[in-house]
Each structure stands twice: as structure tokens, then as C-alpha cells.
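Student: Here it is: the structure, laid out below.
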Amino acid sequence: MKNIQLILIIVILFLVGCSTDVEEELYPSIECQTAEMSYTADILPIIESNCYQCHDAANNFGGITLEGYEGLKTFADNGLLVGTIRHESGFSFMPQGAPQLLSCEIEKIEAWIEQGTKDN
Ligand code: HEC
């Protein structure tokens, strides 16, 4: 029963999402800016609003804290950050119990790592 309710919620959210005409949501790959990613300006806001409720220093669920640059860098370096947000097989799917991050948010995080995981 729980699964059916979850699937229904996801379908409804998907339909609602498709009926809005926000350009950024309709054309994420066209609108997505991934050049010269900044930890503070681009990456931190995504992690703060999607992950800190379970993974800040106070609520470090699963012993995982993503708070601050050093906290996040550890999981960027060991591959768990990208594996969990991309929902790759063999990884826990994050954010847990919530829809996957927008593809543009995932692209920004990957670009930040490719650009050297800078503390900027
Ligand atoms: C509602 C709570 C919740 C949210 C929100 C959440 N997580 Fe988690 N996360 C957990 C729990 C609980 C675990 C430990 C159990 C597990 O691995 O599933 C975990 C584990 C992890 C792990 C370790 C996985 C492993 O295989 O060792 C990573 C990395 C992670 N989360 C990243 C994230 C990221 C990145 C976000 C935001 C995009 C996020 N989490 C959002 C609850 C959450």
C-alpha cells in the first residue's frame, strides 16, 4: 500500500511539474550553466536545501555529515556523492524519501567535481 501511495504522489508531482511553464524546468539542459562552478554560490545552496535536514553536523544520519566544504569534499572524493544523487545501482538513493535532484543540479555538482572540487 505504501508503495502505491508513493507512486501516486510521484505521478501527481510529475504531472503538476509538466503543466507549469517555467523555462528552467522545461529545458534544464539548455538553461543549465555549469561553467566555473563555485562551492559557495552554486553547490552549497543545493546541498543545504536538499541534504542538510538529514546530513548537517547535528543530524548526521547514517554517520554522514555533508556540512561545510570539508564535509562535502570527503563524499565528492570517494564517489558516494555522485553515486547517491545519480541513483546509480549499488548506492542508496538520495535525497532519501524525496524526488531526485533536478538534472541541472546534478550536472552542476558533477561539473564542480570535474573542475577540481574547489573551495571557492
Ligand atoms: C530524509 C533524510 C535524508 C535526506 C534528505 C538525505 N539523506 Fe543521505 N542518508 C540518509 C540516511 C538515513 C542514510 C544512511 C542509510 C543509507 O545509506 O541509506 C544516508 C546516507 C547517505 C550517504 C551514504 C551512502 C552510503 O552508501 O554509504 C550519502 C553519500 C548521502 N546520504 C548523501 C546525501 C545527499 C547528497 C543528500 C542530498 C541530495 C542526502 N543524502 C539527503 C538520509 C537522508
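Residues in the C-alpha cells are numbered from 1 in each chain, the chains being A, B, ... in the order shown, and ligands are numbered from 1 in the order shown.
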Collect all residues with atoms no farther than 10 Å from ligand 1, counting only C-alpha atoms and all ligand atoms, and output them as a ChimeraX atom specification.

Tutor: /A:46-56,59-66,72,74-76,78-86,90-101,105-106,109

Student: Taking only C-alpha atoms into account, which of A:Ala41, A:Asp77, A:Gln5, A:Thr34 comes nearest Lys108 (chain A)?

Tutor: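 Smallest separation from Lys108 (chain A) among the options: A:Thr34.
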
Student: Give me the residues within 10 Å of Glu36 (chain A) as a count of residues only, counting only C-alpha atoms and dropping any in the same chain fewer than 6 places off.

Tutor: 7
